[in-house]
file upload20.cif (mmCIF, C-alpha atoms and all ligand atoms)
data_work
loop_
_atom_site.label_atom_id
_atom_site.label_comp_id
_atom_site.auth_asym_id
_atom_site.auth_seq_id
_atom_site.Cartn_x
_atom_site.Cartn_y
_atom_site.Cartn_z
CA MET A 1386 11.61 -9.00 40.59
CA HIS A 1387 13.52 -9.50 37.40
CA THR A 1388 10.68 -8.51 35.14
CA SER A 1389 12.12 -6.00 32.72
CA THR A 1390 9.86 -3.38 31.21
CA LYS A 1391 11.11 -4.60 27.83
CA ASN A 1392 8.84 -7.61 27.99
CA VAL A 1393 5.87 -5.69 29.31
CA ASP A 1394 5.74 -2.78 26.88
CA PRO A 1395 4.39 -3.49 23.45
CA ILE A 1396 7.10 -3.43 20.78
CA LEU A 1397 5.15 -0.69 19.04
CA LYS A 1398 2.44 1.46 20.53
CA LEU A 1399 0.54 3.98 18.44
CA ARG A 1400 -1.64 6.62 20.01
CA GLY A 1401 -3.77 9.04 18.04
CA VAL A 1402 -1.47 9.00 15.04
CA VAL A 1403 -2.46 11.52 12.38
CA LYS A 1404 -0.76 12.16 9.07
CA HIS A 1405 -1.49 14.66 6.31
CA PHE A 1406 -0.23 14.98 2.79
CA GLY A 1407 -0.77 18.67 2.16
CA SER A 1408 -4.39 19.34 3.03
CA LEU A 1409 -5.34 15.66 2.72
CA GLN A 1410 -5.58 13.83 6.04
CA VAL A 1411 -4.69 10.24 5.23
CA ILE A 1412 -4.25 8.81 8.75
CA LYS A 1413 -6.99 9.97 11.07
CA GLY A 1414 -6.10 8.99 14.60
CA VAL A 1415 -4.82 5.43 14.83
CA ASP A 1416 -4.32 3.57 18.13
CA LEU A 1417 -2.62 0.20 18.00
CA ASP A 1418 -0.53 -1.97 20.34
CA ILE A 1419 1.72 -4.59 18.81
CA HIS A 1420 3.05 -7.05 21.36
CA HIS A 1421 6.07 -9.33 21.23
CA SER A 1422 5.60 -12.26 18.84
CA GLU A 1423 2.28 -10.94 17.63
CA VAL A 1424 1.33 -11.09 13.95
CA ILE A 1425 -1.02 -8.36 12.82
CA CYS A 1426 -2.40 -8.29 9.30
CA LEU A 1427 -3.54 -4.95 7.98
CA ILE A 1428 -6.21 -5.11 5.31
CA GLY A 1429 -8.24 -2.45 3.58
CA PRO A 1430 -9.09 -0.83 0.27
CA SER A 1431 -6.51 0.84 -1.94
CA GLY A 1432 -5.82 4.37 -0.72
CA SER A 1433 -7.03 3.70 2.82
CA GLY A 1434 -3.59 4.59 4.22
CA LYS A 1435 -2.03 1.14 4.84
CA SER A 1436 1.37 1.99 3.35
CA THR A 1437 1.49 5.39 5.02
CA LEU A 1438 0.71 3.84 8.40
CA LEU A 1439 3.38 1.17 7.93
CA ARG A 1440 5.95 3.75 6.82
CA SER A 1441 5.15 5.79 9.91
CA MET A 1442 5.76 2.72 12.08
CA ALA A 1443 9.17 2.36 10.42
CA PHE A 1444 9.87 6.08 10.97
CA LEU A 1445 10.28 6.51 7.23
CA GLU A 1446 7.46 9.05 7.32
CA HIS A 1447 6.89 11.81 9.87
CA TYR A 1448 3.52 11.78 11.49
CA ASP A 1449 1.85 15.06 12.38
CA GLU A 1450 0.05 14.27 15.60
CA GLY A 1451 -0.05 11.52 18.19
CA GLU A 1452 2.70 9.33 19.48
CA ILE A 1453 4.57 6.23 18.40
CA TYR A 1454 6.48 4.37 21.11
CA ILE A 1455 8.95 1.62 20.51
CA GLU A 1456 9.30 -0.56 23.63
CA GLY A 1457 7.96 2.28 25.71
CA GLN A 1458 10.22 4.95 24.25
CA LEU A 1459 8.55 7.85 22.50
CA LEU A 1460 10.11 8.49 19.15
CA GLY A 1461 9.82 10.34 15.92
CA TRP A 1462 7.82 13.47 15.48
CA GLN A 1463 7.12 14.76 18.96
CA PRO A 1464 3.63 16.08 19.57
CA GLY A 1465 2.78 19.34 21.25
CA PRO A 1466 3.81 22.93 20.65
CA LEU A 1467 7.54 22.15 20.66
CA ARG A 1468 7.50 19.79 17.74
CA ARG A 1469 10.85 18.38 16.91
CA LEU A 1470 12.32 15.35 15.32
CA THR A 1471 14.18 12.86 17.45
CA SER A 1472 17.88 13.29 16.72
CA ARG A 1473 19.16 11.62 13.58
CA SER A 1474 21.35 9.17 15.47
CA GLN A 1475 18.42 8.20 17.69
CA LEU A 1476 16.26 7.73 14.61
CA ASN A 1477 18.87 5.54 12.93
CA GLN A 1478 19.06 3.50 16.08
CA VAL A 1479 15.31 2.96 15.95
CA ARG A 1480 15.19 2.16 12.27
CA ARG A 1481 17.57 -0.71 12.92
CA ASN A 1482 14.94 -2.29 15.12
CA VAL A 1483 12.34 -2.19 12.41
CA GLY A 1484 12.80 -4.38 9.34
CA MET A 1485 10.78 -3.52 6.28
CA VAL A 1486 9.93 -5.54 3.19
CA PHE A 1487 8.28 -3.77 0.26
CA GLN A 1488 6.24 -4.87 -2.72
CA GLN A 1489 9.24 -4.11 -4.95
CA PHE A 1490 12.26 -5.98 -3.69
CA ASN A 1491 14.80 -3.30 -4.72
CA LEU A 1492 17.88 -5.50 -4.71
CA TRP A 1493 21.12 -4.05 -6.05
CA PRO A 1494 21.48 -5.61 -9.53
CA HIS A 1495 25.29 -5.35 -9.58
CA MET A 1496 25.72 -7.18 -6.27
CA SER A 1497 25.50 -10.90 -5.60
CA VAL A 1498 22.68 -12.22 -3.46
CA LEU A 1499 25.01 -12.48 -0.46
CA GLY A 1500 26.38 -9.00 -1.23
CA ASN A 1501 22.85 -7.62 -1.04
CA VAL A 1502 22.16 -9.33 2.26
CA ILE A 1503 25.36 -8.15 3.96
CA GLU A 1504 25.60 -4.62 2.49
CA ALA A 1505 23.98 -2.90 5.47
CA LEU A 1506 25.78 -5.17 7.94
CA VAL A 1507 29.09 -3.97 6.57
CA GLN A 1508 28.20 -0.34 5.77
CA VAL A 1509 25.85 0.50 8.65
CA ARG A 1510 26.64 -2.00 11.38
CA LYS A 1511 30.38 -1.99 10.50
CA LEU A 1512 30.66 -5.74 10.89
CA PRO A 1513 33.91 -7.29 9.62
CA GLN A 1514 33.52 -9.05 6.25
CA THR A 1515 33.94 -12.60 7.58
CA GLU A 1516 31.39 -12.06 10.33
CA ALA A 1517 28.96 -10.38 7.93
CA ARG A 1518 29.30 -13.20 5.41
CA ALA A 1519 28.68 -15.85 8.04
CA LYS A 1520 25.59 -14.02 9.23
CA GLY A 1521 24.42 -13.42 5.65
CA LEU A 1522 24.69 -17.12 4.85
CA THR A 1523 22.70 -17.98 7.97
CA MET A 1524 19.97 -15.58 6.89
CA LEU A 1525 19.94 -16.98 3.35
CA ASP A 1526 19.64 -20.44 4.84
CA ARG A 1527 16.67 -19.16 6.84
CA VAL A 1528 14.83 -18.32 3.59
CA GLY A 1529 16.04 -21.46 1.80
CA LEU A 1530 18.41 -19.71 -0.60
CA VAL A 1531 21.90 -20.38 0.67
CA HIS A 1532 22.67 -22.17 -2.61
CA LYS A 1533 22.03 -18.90 -4.48
CA ALA A 1534 24.49 -16.83 -2.42
CA ASP A 1535 26.75 -16.12 -5.41
CA ALA A 1536 23.99 -15.62 -7.97
CA TYR A 1537 22.85 -12.17 -9.13
CA PRO A 1538 19.30 -10.91 -8.61
CA ALA A 1539 18.49 -11.08 -12.34
CA GLN A 1540 19.15 -14.82 -12.23
CA LEU A 1541 16.45 -15.33 -9.61
CA SER A 1542 12.67 -15.55 -9.84
CA GLY A 1543 10.60 -12.79 -8.27
CA GLY A 1544 9.73 -15.06 -5.37
CA GLN A 1545 13.39 -15.81 -4.75
CA GLN A 1546 14.26 -12.11 -4.95
CA GLN A 1547 11.65 -11.30 -2.36
CA ARG A 1548 13.04 -14.03 -0.10
CA VAL A 1549 16.47 -12.38 -0.46
CA ALA A 1550 14.87 -9.06 0.52
CA ILE A 1551 13.46 -10.77 3.62
CA ALA A 1552 16.90 -12.22 4.45
CA ARG A 1553 18.40 -8.74 4.03
CA ALA A 1554 15.92 -7.27 6.51
CA LEU A 1555 16.42 -10.18 8.96
CA ALA A 1556 20.20 -9.73 8.87
CA MET A 1557 19.82 -6.49 10.84
CA GLU A 1558 18.15 -8.47 13.64
CA PRO A 1559 15.06 -6.28 13.85
CA LYS A 1560 12.64 -6.52 16.74
CA ILE A 1561 9.72 -6.21 14.37
CA MET A 1562 9.25 -6.89 10.67
CA LEU A 1563 6.86 -4.82 8.58
CA PHE A 1564 5.70 -6.16 5.23
CA ASP A 1565 3.93 -3.97 2.67
CA GLU A 1566 2.11 -6.23 0.19
CA PRO A 1567 5.15 -8.48 -0.14
CA THR A 1568 3.51 -10.78 -2.69
CA SER A 1569 1.53 -8.29 -4.78
CA ALA A 1570 4.21 -7.93 -7.46
CA LEU A 1571 4.63 -11.67 -7.88
CA ASP A 1572 3.23 -14.09 -10.42
CA PRO A 1573 0.60 -16.20 -8.66
CA GLU A 1574 2.69 -19.37 -8.71
CA LEU A 1575 5.48 -17.59 -6.76
CA VAL A 1576 3.31 -16.22 -3.95
CA GLY A 1577 3.29 -19.45 -1.92
CA GLU A 1578 7.04 -19.69 -1.33
CA VAL A 1579 7.17 -16.15 0.09
CA LEU A 1580 4.15 -16.71 2.33
CA GLN A 1581 5.76 -19.95 3.50
CA VAL A 1582 8.87 -18.08 4.63
CA MET A 1583 6.69 -15.52 6.42
CA LYS A 1584 4.71 -18.28 8.11
CA SER A 1585 7.90 -19.86 9.41
CA LEU A 1586 9.08 -16.49 10.76
CA ALA A 1587 5.78 -16.12 12.57
CA ALA A 1588 6.11 -19.65 13.97
CA ASP A 1589 9.57 -18.69 15.28
CA GLY A 1590 8.02 -15.83 17.23
CA MET A 1591 8.93 -12.87 15.04
CA THR A 1592 6.73 -9.84 15.67
CA MET A 1593 5.17 -8.84 12.34
CA VAL A 1594 2.79 -6.37 10.75
CA VAL A 1595 1.72 -7.49 7.30
CA VAL A 1596 -0.23 -5.41 4.83
CA THR A 1597 -1.74 -8.01 2.54
CA HIS A 1598 -4.54 -8.97 0.21
CA GLU A 1599 -3.85 -12.64 0.92
CA MET A 1600 -6.88 -13.31 3.11
CA GLY A 1601 -6.01 -17.00 3.45
CA PHE A 1602 -2.65 -16.05 4.95
CA ALA A 1603 -4.29 -13.50 7.27
CA ALA A 1604 -6.87 -16.04 8.41
CA GLN A 1605 -4.23 -18.68 9.06
CA VAL A 1606 -1.31 -16.72 10.51
CA ALA A 1607 -2.58 -13.47 12.05
CA ASP A 1608 -3.26 -13.15 15.75
CA ARG A 1609 -5.28 -10.06 14.93
CA VAL A 1610 -6.52 -8.50 11.72
CA ALA A 1611 -7.05 -4.76 11.46
CA PHE A 1612 -9.31 -3.33 8.77
CA LEU A 1613 -8.17 0.15 7.76
CA ASP A 1614 -10.83 2.27 6.12
CA GLN A 1615 -10.33 5.89 5.11
CA GLY A 1616 -7.38 6.37 7.45
CA LYS A 1617 -8.95 4.76 10.51
CA ILE A 1618 -8.86 1.29 12.01
CA ALA A 1619 -12.54 0.55 11.60
CA VAL A 1620 -12.42 -2.97 13.06
CA CYS A 1621 -9.67 -4.96 14.72
CA GLY A 1622 -9.94 -8.46 16.09
CA SER A 1623 -9.25 -12.15 15.67
CA PRO A 1624 -9.37 -13.57 12.13
CA GLU A 1625 -12.55 -15.38 13.20
CA LYS A 1626 -14.18 -12.10 14.13
CA ILE A 1627 -13.00 -10.26 11.03
CA PHE A 1628 -13.75 -12.93 8.43
CA HIS A 1629 -16.78 -14.70 9.88
CA ASN A 1630 -18.35 -12.57 12.51
CA ASN A 1631 -18.17 -8.90 11.70
CA GLU A 1632 -21.10 -6.56 11.54
CA HIS A 1633 -19.27 -3.74 9.84
CA PRO A 1634 -20.87 -2.91 6.45
CA ARG A 1635 -17.70 -1.48 4.86
CA LEU A 1636 -15.67 -4.52 5.90
CA GLN A 1637 -18.37 -6.86 4.61
CA GLN A 1638 -18.35 -5.00 1.29
CA PHE A 1639 -14.55 -5.12 1.12
CA LEU A 1640 -14.50 -8.88 1.73
CA GLN A 1641 -17.32 -9.44 -0.75
CA ASN A 1642 -15.37 -7.54 -3.44
CA TYR A 1643 -12.39 -9.71 -2.68
CA LEU A 1644 -14.44 -12.91 -3.03
CA ASP A 1645 -16.07 -11.69 -6.25
CA ARG A 1646 -12.70 -10.87 -7.78
CA ASN A 1647 -11.31 -14.27 -6.85
CA ALA A 1648 -14.40 -15.99 -8.22
CA PHE A 1649 -13.96 -14.02 -11.47
CA TRP A 1650 -10.40 -15.28 -11.89
CA GLN A 1651 -11.41 -18.79 -10.93
CA ASP A 1652 -14.04 -18.70 -13.70
CA LYS A 1653 -11.47 -17.41 -16.17
CA LYS A 1654 -9.14 -20.23 -15.26
CA GLU A 1655 -11.85 -22.82 -15.75
CA GLU A 1656 -12.84 -21.29 -19.10
CA GLN A 1657 -9.24 -21.63 -20.23
CA ILE A 1658 -9.09 -25.23 -19.17
CA ILE A 1659 -12.28 -25.97 -21.16
P1 LIG A 1701 -2.79 2.24 0.66
O1 LIG A 1701 -1.43 1.71 0.95
O2 LIG A 1701 -3.83 1.76 1.61
O3 LIG A 1701 -3.20 2.01 -0.76
P2 LIG A 1701 -1.51 4.84 0.92
O4 LIG A 1701 -1.00 4.92 2.30
O5 LIG A 1701 -0.53 4.53 -0.16
O6 LIG A 1701 -2.74 3.83 0.87
O7 LIG A 1701 -2.20 6.20 0.53
C1 LIG A 1701 -3.19 6.83 1.33
C2 LIG A 1701 -3.56 8.15 0.70
O8 LIG A 1701 -2.45 9.03 0.77
C3 LIG A 1701 -3.95 8.07 -0.76
O9 LIG A 1701 -4.98 9.00 -1.01
C4 LIG A 1701 -2.67 8.48 -1.47
O10 LIG A 1701 -2.96 9.05 -2.72
C5 LIG A 1701 -2.09 9.48 -0.53
N1 LIG A 1701 -0.62 9.53 -0.56
C6 LIG A 1701 0.21 8.51 -0.28
N2 LIG A 1701 1.51 8.90 -0.37
C7 LIG A 1701 1.49 10.20 -0.72
C8 LIG A 1701 2.50 11.20 -0.96
N3 LIG A 1701 3.82 10.90 -0.83
N4 LIG A 1701 2.10 12.43 -1.30
C9 LIG A 1701 0.79 12.73 -1.40
N5 LIG A 1701 -0.23 11.88 -1.18
C10 LIG A 1701 0.12 10.61 -0.85
MG MG A 1702 -0.11 0.57 -0.20
#
call {"tool": "encode", "arguments": {"input": "upload20.cif", "output": "structure tokens"}}
result
Amino acid sequence: MHTSTKNVDPILKLRGVVKHFGSLQVIKGVDLDIHHSEVICLIGPSGSGKSTLLRSMAFLEHYDEGEIYIEGQLLGWQPGPLRRLTSRSQLNQVRRNVGMVFQQFNLWPHMSVLGNVIEALVQVRKLPQTEARAKGLTMLDRVGLVHKADAYPAQLSGGQQQRVAIARALAMEPKIMLFDEPTSALDPELVGEVLQVMKSLAADGMTMVVVTHEMGFAAQVADRVAFLDQGKIAVCGSPEKIFHNNEHPRLQQFLQNYLDRNAFWQDKKEEQII
């Protein structure tokens, strides 16, 4: 009987999560279990609440109702009449377990690539410099950028900067990585290298939630795809179910818009070639 509850509980469990901004309810009761090594892609129209949901999972945003558990432990904004925030030290402890990568990479411009990756290791985790540097170089190697360790962010392409941001998040050894449209700010030719790094993380068993408009990536890498519509998970299932076998009119419309837009750009490209 050596089964620890750690392996049984989902890494993240959301129950009835509700979030308002003022009088606007943006998350309207979300239930979701994210298991170890699972990759979940979150898709949905602009304004449907994808970023807010992800930020809640990272405890960067308080939620108003419901519960979010990390490995079985209830955290964050406690429900019920005695609402209170988990203590700051507890919250910091949790945040360490959750790595987050944003659309904007937000690297420190005055620090080297390695400096960016090890900053939190030194400042937050209090690792000695030599240990932090060794770990930082390992993480840069993981994203194929160890040769850029001494470069500055401005000397890198957007795709390379985002890979540094991924290395920075990985350096904290999170249990789960959350990505919020990690390739949306990139020129099209730089998207592939970032998706490639994410694919290899998934193959290594990293638990991930990815908000993305890259449907090819979702179809290929996700274990499950969740379609968020007006603050609710309207449909959740295998890529096969979501992309080829769904009977949900709003999802069908969303996917059709996506295909139309891509076809539009494809036409433009062909026009240019002619
Ligand atoms: P998505 O990421 O799917 O585009 P968001 O989570 O960013 O959606 O936003 C969901 C809704 O919440 C939108 O109507 C947005 O305008 C609103 N919203 C997001 N952040 C804030 C905020 N800090 N203050 C007020 N309203 C917000
Ligand atoms: Mg968003």
call {"tool": "closest_residue", "arguments": {"input": "upload20.cif", "among": "A:Asp1418, A:Glu1450, A:Glu1558, A:Asp1565", "to": "Phe1490 in chain A", "atoms": "all atoms listed in the file"}}
result
A:Asp1565
call {"tool": "residues_around", "arguments": {"input": "upload20.cif", "residues": "Glu1456 in chain A", "least_positions_apart": "4", "cutoff": "8 Å", "atoms": "all atoms listed in the file", "output": "JSON list (two decimals) with C-alpha atoms, in the coordinates of the input"}}
result
[["chain", "number", "residue", "atom", "x", "y", "z"],
["A", 1391, "LYS", "CA", 11.11, -4.60, 27.83],
["A", 1394, "ASP", "CA", 5.74, -2.78, 26.88],
["A", 1395, "PRO", "CA", 4.39, -3.49, 23.45],
["A", 1396, "ILE", "CA", 7.10, -3.43, 20.78],
["A", 1397, "LEU", "CA", 5.15, -0.69, 19.04],
["A", 1398, "LYS", "CA", 2.44, 1.46, 20.53]]
call {"tool": "residues_near_ligand", "arguments": {"input": "upload20.cif", "ligand": "ligand MG 1702 (chain A)", "cutoff": "7 Å", "atoms": "only C-alpha atoms and all ligand atoms", "output": "ChimeraX atom specification"}}
result
/A:1431-1432,1434-1436,1565
call {"tool": "closest_residue", "arguments": {"input": "upload20.cif", "among": "A:Leu1541, A:Met1593, A:Leu1525, A:Ala1443", "to": "Met1562 in chain A", "atoms": "all atoms listed in the file"}}
result
A:Met1593
call {"tool": "residues_around", "arguments": {"input": "upload20.cif", "residues": "Pro1567 in chain A", "least_positions_apart": "6", "cutoff": "8 Å", "atoms": "all atoms listed in the file", "output": "ChimeraX atom specification"}}
result
/A:1486-1489,1547,1579,1596-1597
call {"tool": "residues_near_ligand", "arguments": {"input": "upload20.cif", "ligand": "ligand LIG 1701 (chain A)", "cutoff": "12 Å", "atoms": "all atoms listed in the file", "output": "JSON list (two decimals) with C-alpha atoms, in the frame of the given file"}}
result
[["chain", "number", "residue", "atom", "x", "y", "z"],
["A", 1403, "VAL", "CA", -2.46, 11.52, 12.38],
["A", 1404, "LYS", "CA", -0.76, 12.16, 9.07],
["A", 1405, "HIS", "CA", -1.49, 14.66, 6.31],
["A", 1406, "PHE", "CA", -0.23, 14.98, 2.79],
["A", 1407, "GLY", "CA", -0.77, 18.67, 2.16],
["A", 1408, "SER", "CA", -4.39, 19.34, 3.03],
["A", 1409, "LEU", "CA", -5.34, 15.66, 2.72],
["A", 1410, "GLN", "CA", -5.58, 13.83, 6.04],
["A", 1411, "VAL", "CA", -4.69, 10.24, 5.23],
["A", 1412, "ILE", "CA", -4.25, 8.81, 8.75],
["A", 1413, "LYS", "CA", -6.99, 9.97, 11.07],
["A", 1427, "LEU", "CA", -3.54, -4.95, 7.98],
["A", 1428, "ILE", "CA", -6.21, -5.11, 5.31],
["A", 1429, "GLY", "CA", -8.24, -2.45, 3.58],
["A", 1430, "PRO", "CA", -9.09, -0.83, 0.27],
["A", 1431, "SER", "CA", -6.51, 0.84, -1.94],
["A", 1432, "GLY", "CA", -5.82, 4.37, -0.72],
["A", 1433, "SER", "CA", -7.03, 3.70, 2.82],
["A", 1434, "GLY", "CA", -3.59, 4.59, 4.22],
["A", 1435, "LYS", "CA", -2.03, 1.14, 4.84],
["A", 1436, "SER", "CA", 1.37, 1.99, 3.35],
["A", 1437, "THR", "CA", 1.49, 5.39, 5.02],
["A", 1438, "LEU", "CA", 0.71, 3.84, 8.40],
["A", 1439, "LEU", "CA", 3.38, 1.17, 7.93],
["A", 1440, "ARG", "CA", 5.95, 3.75, 6.82],
["A", 1441, "SER", "CA", 5.15, 5.79, 9.91],
["A", 1445, "LEU", "CA", 10.28, 6.51, 7.23],
["A", 1446, "GLU", "CA", 7.46, 9.05, 7.32],
["A", 1447, "HIS", "CA", 6.89, 11.81, 9.87],
["A", 1487, "PHE", "CA", 8.28, -3.77, 0.26],
["A", 1488, "GLN", "CA", 6.24, -4.87, -2.72],
["A", 1564, "PHE", "CA", 5.70, -6.16, 5.23],
["A", 1565, "ASP", "CA", 3.93, -3.97, 2.67],
["A", 1566, "GLU", "CA", 2.11, -6.23, 0.19],
["A", 1569, "SER", "CA", 1.53, -8.29, -4.78],
["A", 1595, "VAL", "CA", 1.72, -7.49, 7.30],
["A", 1596, "VAL", "CA", -0.23, -5.41, 4.83],
["A", 1597, "THR", "CA", -1.74, -8.01, 2.54],
["A", 1598, "HIS", "CA", -4.54, -8.97, 0.21],
["A", 1612, "PHE", "CA", -9.31, -3.33, 8.77],
["A", 1613, "LEU", "CA", -8.17, 0.15, 7.76],
["A", 1614, "ASP", "CA", -10.83, 2.27, 6.12],
["A", 1615, "GLN", "CA", -10.33, 5.89, 5.11],
["A", 1616, "GLY", "CA", -7.38, 6.37, 7.45],
["A", 1617, "LYS", "CA", -8.95, 4.76, 10.51],
["A", 1618, "ILE", "CA", -8.86, 1.29, 12.01]]
call {"tool": "residues_around", "arguments": {"input": "upload20.cif", "residues": "range 1527-1537 of chain A", "least_positions_apart": "5", "cutoff": "12 Å", "atoms": "only C-alpha atoms", "output": "PyMOL selection string"}}
result
chain A and resi 1492-1503+1518-1522+1542+1544-1556+1578-1586+1589
call {"tool": "atom_distance", "arguments": {"input": "upload20.cif", "atom1": "CA of Glu1656 in chain A", "atom2": "CA of Thr1568 in chain A"}}
result
25.4 Å
call {"tool": "atom_distance", "arguments": {"input": "upload20.cif", "atom1": "CA of Leu1476 in chain A", "atom2": "CA of Glu1504 in chain A"}}
result
19.7 Å
call {"tool": "residues_near_point", "arguments": {"input": "upload20.cif", "point": "(4.3, 4.0, 19.6)", "cutoff": "8 Å", "atoms": "all atoms listed in the file", "output": "ChimeraX atom specification"}}
result
/A:1397-1400,1418,1442,1452-1460
call {"tool": "residues_around", "arguments": {"input": "upload20.cif", "residues": "Lys1626 in chain A", "least_positions_apart": "6", "cutoff": "12 Å", "atoms": "all atoms listed in the file", "output": "list in words"}}
result
Ala1604, Ala1607, Asp1608, Arg1609, Val1610, Ala1611, Phe1612, Val1620, Glu1632, His1633, Leu1636 and Gln1637 of chain A
call {"tool": "atom_distance", "arguments": {"input": "upload20.cif", "atom1": "CA of Val1415 in chain A", "atom2": "CA of Val1402 in chain A"}}
result
4.9 Å
call {"tool": "closest_residue", "arguments": {"input": "upload20.cif", "among": "A:Met1485, A:Gly1622, A:Leu1417, A:Met1557", "to": "Leu1506 in chain A", "atoms": "only C-alpha atoms"}}
result
A:Met1557
call {"tool": "decode", "arguments": {"input": "upload20.cif", "residues": "range 1550-1556 of chain A", "atoms": "all heavy atoms", "output": "PDB file, in the first residue's frame"}}
result
ATOM      1  N   ALA A1550      11.517  32.550 -21.966  1.00  0.00           N
ATOM      2  CA  ALA A1550      10.440  32.677 -20.966  1.00  0.00           C
ATOM      3  C   ALA A1550       9.975  31.297 -20.496  1.00  0.00           C
ATOM      4  O   ALA A1550       9.663  31.099 -19.321  1.00  0.00           O
ATOM      5  CB  ALA A1550       9.279  33.487 -21.543  1.00  0.00           C
ATOM      6  N   ILE A1551       9.961  30.341 -21.416  1.00  0.00           N
ATOM      7  CA  ILE A1551       9.584  28.965 -21.038  1.00  0.00           C
ATOM      8  C   ILE A1551      10.663  28.377 -20.120  1.00  0.00           C
ATOM      9  O   ILE A1551      10.340  27.776 -19.084  1.00  0.00           O
ATOM     10  CB  ILE A1551       9.374  28.088 -22.303  1.00  0.00           C
ATOM     11  CG1 ILE A1551       8.141  28.578 -23.071  1.00  0.00           C
ATOM     12  CG2 ILE A1551       9.228  26.609 -21.921  1.00  0.00           C
ATOM     13  CD1 ILE A1551       7.933  27.906 -24.431  1.00  0.00           C
ATOM     14  N   ALA A1552      11.935  28.590 -20.482  1.00  0.00           N
ATOM     15  CA  ALA A1552      13.037  28.091 -19.640  1.00  0.00           C
ATOM     16  C   ALA A1552      12.961  28.705 -18.243  1.00  0.00           C
ATOM     17  O   ALA A1552      13.180  28.023 -17.238  1.00  0.00           O
ATOM     18  CB  ALA A1552      14.383  28.411 -20.289  1.00  0.00           C
ATOM     19  N   ARG A1553      12.614  29.990 -18.189  1.00  0.00           N
ATOM     20  CA  ARG A1553      12.511  30.681 -16.896  1.00  0.00           C
ATOM     21  C   ARG A1553      11.424  30.036 -16.032  1.00  0.00           C
ATOM     22  O   ARG A1553      11.608  29.822 -14.839  1.00  0.00           O
ATOM     23  CB  ARG A1553      12.189  32.160 -17.163  1.00  0.00           C
ATOM     24  CG  ARG A1553      11.940  32.979 -15.908  1.00  0.00           C
ATOM     25  CD  ARG A1553      11.662  34.427 -16.237  1.00  0.00           C
ATOM     26  NE  ARG A1553      10.492  34.579 -17.116  1.00  0.00           N
ATOM     27  CZ  ARG A1553      10.062  35.728 -17.597  1.00  0.00           C
ATOM     28  NH1 ARG A1553      10.709  36.854 -17.307  1.00  0.00           N
ATOM     29  NH2 ARG A1553       9.008  35.777 -18.378  1.00  0.00           N
ATOM     30  N   ALA A1554      10.291  29.721 -16.648  1.00  0.00           N
ATOM     31  CA  ALA A1554       9.202  29.083 -15.896  1.00  0.00           C
ATOM     32  C   ALA A1554       9.605  27.665 -15.475  1.00  0.00           C
ATOM     33  O   ALA A1554       9.360  27.246 -14.337  1.00  0.00           O
ATOM     34  CB  ALA A1554       7.933  29.053 -16.737  1.00  0.00           C
ATOM     35  N   LEU A1555      10.273  26.939 -16.365  1.00  0.00           N
ATOM     36  CA  LEU A1555      10.692  25.552 -16.058  1.00  0.00           C
ATOM     37  C   LEU A1555      11.704  25.495 -14.918  1.00  0.00           C
ATOM     38  O   LEU A1555      11.735  24.533 -14.161  1.00  0.00           O
ATOM     39  CB  LEU A1555      11.316  24.900 -17.293  1.00  0.00           C
ATOM     40  CG  LEU A1555      10.391  24.534 -18.447  1.00  0.00           C
ATOM     41  CD1 LEU A1555      11.221  24.020 -19.621  1.00  0.00           C
ATOM     42  CD2 LEU A1555       9.375  23.479 -18.010  1.00  0.00           C
ATOM     43  N   ALA A1556      12.527  26.549 -14.822  1.00  0.00           N
ATOM     44  CA  ALA A1556      13.587  26.562 -13.809  1.00  0.00           C
ATOM     45  C   ALA A1556      13.018  26.425 -12.400  1.00  0.00           C
ATOM     46  O   ALA A1556      13.677  25.898 -11.502  1.00  0.00           O
ATOM     47  CB  ALA A1556      14.409  27.842 -13.925  1.00  0.00           C
TER      48      ALA A1556
END
